[in-house]
Amino acid sequence: MKKTLLILVFLCFFISCKKTDSIYKTVEVANAKPADSILNRVDRFSFNDFICKVSTSDTKSKIDFSSNAKAKDYRAIISEQYDSKKINFAGHYIVTTWGCGKICINGAIVDTRDGKIYSLPKNDFWEGIGNKADYESNSYLLITSAIQLAQDEKGNLIDLHNYWKWNEQQKKFEDLGK
(Lines give C-alpha, C1' and ligand atoms only; values in the text may rest on other atoms or scores of the structure.)
Protein backbone atom coordinates (compact mmCIF):
# COMPACT_ATOMS: atom_id res chain seq x y z
CA MET A 1 0.00 0.00 0.00
CA LYS A 2 2.79 2.45 0.91
CA LYS A 3 4.63 1.61 -2.33
CA THR A 4 1.49 2.23 -4.42
CA LEU A 5 0.86 5.52 -2.64
CA LEU A 6 4.48 6.61 -3.18
CA ILE A 7 4.23 5.77 -6.88
CA LEU A 8 0.97 7.71 -7.20
CA VAL A 9 2.50 10.74 -5.44
CA PHE A 10 5.46 10.61 -7.83
CA LEU A 11 3.13 10.30 -10.81
CA CYS A 12 0.99 13.26 -9.67
CA PHE A 13 4.15 15.34 -9.27
CA PHE A 14 5.33 14.26 -12.72
CA ILE A 15 2.01 15.12 -14.35
CA SER A 16 1.79 18.51 -12.60
CA CYS A 17 5.32 19.42 -13.75
CA LYS A 18 4.94 18.57 -17.39
CA LYS A 19 4.29 21.23 -20.02
CA THR A 20 0.85 21.53 -21.58
CA ASP A 21 2.30 20.82 -25.03
CA SER A 22 3.96 17.65 -23.76
CA ILE A 23 3.93 14.56 -25.93
CA TYR A 24 3.10 12.36 -22.96
CA LYS A 25 -0.33 10.87 -22.84
CA THR A 26 -1.98 9.14 -19.93
CA VAL A 27 -5.02 6.94 -19.80
CA GLU A 28 -7.99 9.16 -18.96
CA VAL A 29 -8.64 7.83 -15.46
CA ALA A 30 -12.04 9.52 -15.08
CA ASN A 31 -13.33 7.90 -18.29
CA ALA A 32 -11.48 4.60 -17.94
CA LYS A 33 -13.44 1.40 -18.05
CA PRO A 34 -12.22 -1.59 -16.03
CA ALA A 35 -11.15 -3.32 -19.26
CA ASP A 36 -9.03 -0.33 -20.37
CA SER A 37 -5.34 -1.08 -20.28
CA ILE A 38 -2.16 -0.56 -22.21
CA LEU A 39 -3.34 -3.23 -24.60
CA ASN A 40 -6.35 -1.13 -25.61
CA ARG A 41 -4.68 2.27 -25.78
CA VAL A 42 -5.29 4.75 -28.57
CA ASP A 43 -2.00 6.18 -29.75
CA ARG A 44 -1.50 9.80 -30.70
CA PHE A 45 0.27 8.73 -33.89
CA SER A 46 -0.06 5.65 -36.06
CA PHE A 47 2.74 3.68 -37.69
CA ASN A 48 0.83 4.28 -40.94
CA ASP A 49 1.44 8.03 -40.54
CA PHE A 50 5.17 7.47 -41.20
CA ILE A 51 5.33 4.72 -43.83
CA CYS A 52 8.55 3.79 -45.61
CA LYS A 53 9.62 1.13 -48.06
CA VAL A 54 11.24 -1.97 -46.54
CA SER A 55 14.43 -3.27 -48.10
CA THR A 56 14.08 -6.69 -49.68
CA SER A 57 17.78 -7.47 -49.33
CA ASP A 58 18.76 -10.23 -46.91
CA THR A 59 22.35 -8.97 -46.89
CA LYS A 60 23.55 -7.29 -43.69
CA SER A 61 26.70 -5.20 -43.47
CA LYS A 62 29.21 -5.91 -40.72
CA ILE A 63 28.43 -3.84 -37.61
CA ASP A 64 30.56 -0.69 -37.38
CA PHE A 65 31.16 -0.32 -33.64
CA SER A 66 33.39 2.72 -34.26
CA SER A 67 30.27 4.63 -35.35
CA ASN A 68 28.86 4.82 -31.79
CA ALA A 69 31.15 5.04 -28.75
CA LYS A 70 28.50 3.83 -26.27
CA ALA A 71 27.62 0.80 -28.40
CA LYS A 72 31.05 -0.69 -27.74
CA ASP A 73 29.94 -1.37 -24.16
CA TYR A 74 27.05 -3.46 -25.52
CA ARG A 75 28.89 -5.24 -28.31
CA ALA A 76 27.69 -8.74 -27.36
CA ILE A 77 23.96 -7.99 -27.10
CA ILE A 78 23.93 -5.76 -30.18
CA SER A 79 25.77 -8.40 -32.23
CA GLU A 80 23.53 -11.21 -31.01
CA GLN A 81 20.30 -9.37 -31.79
CA TYR A 82 21.56 -7.98 -35.10
CA ASP A 83 22.58 -11.45 -36.28
CA SER A 84 19.32 -13.11 -35.21
CA LYS A 85 16.77 -10.51 -36.34
CA LYS A 86 15.47 -9.32 -39.68
CA ILE A 87 14.82 -5.68 -40.56
CA ASN A 88 12.30 -4.43 -38.00
CA PHE A 89 12.42 -0.62 -38.18
CA ALA A 90 12.38 2.21 -40.76
CA GLY A 91 12.93 0.08 -43.84
CA HIS A 92 16.49 -1.12 -43.25
CA TYR A 93 17.34 -0.94 -39.54
CA ILE A 94 17.37 -3.52 -36.78
CA VAL A 95 16.33 -2.37 -33.31
CA THR A 96 18.37 -3.86 -30.47
CA THR A 97 17.47 -3.35 -26.80
CA TRP A 98 18.87 -4.28 -23.40
CA GLY A 99 17.88 -3.75 -19.79
CA CYS A 100 19.17 -0.84 -17.74
CA GLY A 101 17.27 -1.41 -14.51
CA LYS A 102 14.09 -2.85 -13.06
CA ILE A 103 11.71 -0.98 -15.36
CA CYS A 104 14.12 0.37 -17.92
CA ILE A 105 15.50 -0.49 -21.34
CA ASN A 106 18.05 1.19 -23.57
CA GLY A 107 18.87 0.38 -27.12
CA ALA A 108 20.21 1.20 -30.53
CA ILE A 109 19.36 0.76 -34.17
CA VAL A 110 21.81 -0.73 -36.65
CA ASP A 111 21.69 0.20 -40.34
CA THR A 112 21.83 -3.04 -42.32
CA ARG A 113 23.27 -1.17 -45.34
CA ASP A 114 26.45 0.15 -43.72
CA GLY A 115 26.50 -1.29 -40.17
CA LYS A 116 26.39 2.12 -38.46
CA ILE A 117 24.81 2.26 -35.02
CA TYR A 118 22.51 5.01 -33.72
CA SER A 119 21.30 5.25 -30.11
CA LEU A 120 17.61 5.11 -29.32
CA PRO A 121 16.32 8.41 -27.93
CA LYS A 122 16.23 8.93 -24.17
CA ASN A 123 13.27 10.24 -22.28
CA ASP A 124 13.84 13.27 -20.04
CA PHE A 125 11.51 12.05 -17.28
CA TRP A 126 12.47 8.43 -16.77
CA GLU A 127 15.61 6.35 -17.08
CA GLY A 128 16.50 5.14 -20.58
CA ILE A 129 13.62 4.94 -23.03
CA GLY A 130 11.09 3.57 -20.55
CA ASN A 131 10.34 -0.13 -20.40
CA LYS A 132 8.77 -0.76 -23.80
CA ALA A 133 9.46 0.24 -27.38
CA ASP A 134 7.03 -0.28 -30.26
CA TYR A 135 8.14 -0.08 -33.89
CA GLU A 136 7.49 -1.63 -37.29
CA SER A 137 9.68 -2.49 -40.23
CA ASN A 138 7.75 -0.24 -42.63
CA SER A 139 7.52 2.87 -40.43
CA TYR A 140 9.76 5.70 -39.20
CA LEU A 141 7.72 5.92 -35.96
CA LEU A 142 9.11 4.71 -32.63
CA ILE A 143 6.84 4.72 -29.57
CA THR A 144 8.54 4.41 -26.20
CA SER A 145 6.49 3.81 -23.07
CA ALA A 146 6.76 3.75 -19.32
CA ILE A 147 4.30 1.03 -18.46
CA GLN A 148 3.01 0.08 -15.04
CA LEU A 149 4.42 3.10 -13.23
CA ALA A 150 1.12 3.24 -11.38
CA GLN A 151 -2.48 2.13 -11.38
CA ASP A 152 -5.59 4.12 -10.68
CA GLU A 153 -8.01 3.15 -7.89
CA LYS A 154 -9.80 0.72 -10.24
CA GLY A 155 -6.60 -1.10 -11.16
CA ASN A 156 -6.26 0.42 -14.65
CA LEU A 157 -2.68 0.88 -15.76
CA ILE A 158 -1.39 4.38 -16.39
CA ASP A 159 0.69 4.27 -19.55
CA LEU A 160 2.99 7.16 -20.52
CA HIS A 161 4.14 7.40 -24.14
CA ASN A 162 6.83 9.25 -26.03
CA TYR A 163 6.63 9.49 -29.83
CA TRP A 164 9.72 9.73 -32.04
CA LYS A 165 10.18 9.97 -35.80
CA TRP A 166 13.41 8.73 -37.36
CA ASN A 167 14.81 11.40 -39.69
CA GLU A 168 16.64 9.40 -42.34
CA GLN A 169 18.45 12.42 -43.83
CA GLN A 170 19.83 13.68 -40.50
CA LYS A 171 20.19 10.20 -38.98
CA LYS A 172 18.51 11.13 -35.71
CA PHE A 173 15.24 10.82 -33.84
CA GLU A 174 12.89 13.79 -33.74
CA ASP A 175 10.66 14.33 -30.74
CA LEU A 176 7.13 14.60 -32.20
CA GLY A 177 5.80 16.57 -29.27
CA LYS A 178 7.76 19.72 -29.94
# chains A, B, ... in the order shown; residues from 1 in each chain; ligands from 1

call {"tool": "residues_around", "arguments": {"residues": "segment 106-115 of chain A", "least_positions_apart": "2", "cutoff": "10 Å", "atoms": "only C-alpha atoms", "output": "PyMOL selection string"}}
result
chain A and resi 55+57-68+70-71+74+77-79+82+86-101+104+117-122+127-133

call {"tool": "atom_distance", "arguments": {"atom1": "atom CA of Lys116 of chain A", "atom2": "atom CA of Lys85 of chain A"}}
result
16.0 Å

call {"tool": "atom_distance", "arguments": {"atom1": "atom CA of His161 of chain A", "atom2": "atom CA of Cys52 of chain A"}}
result
22.2 Å
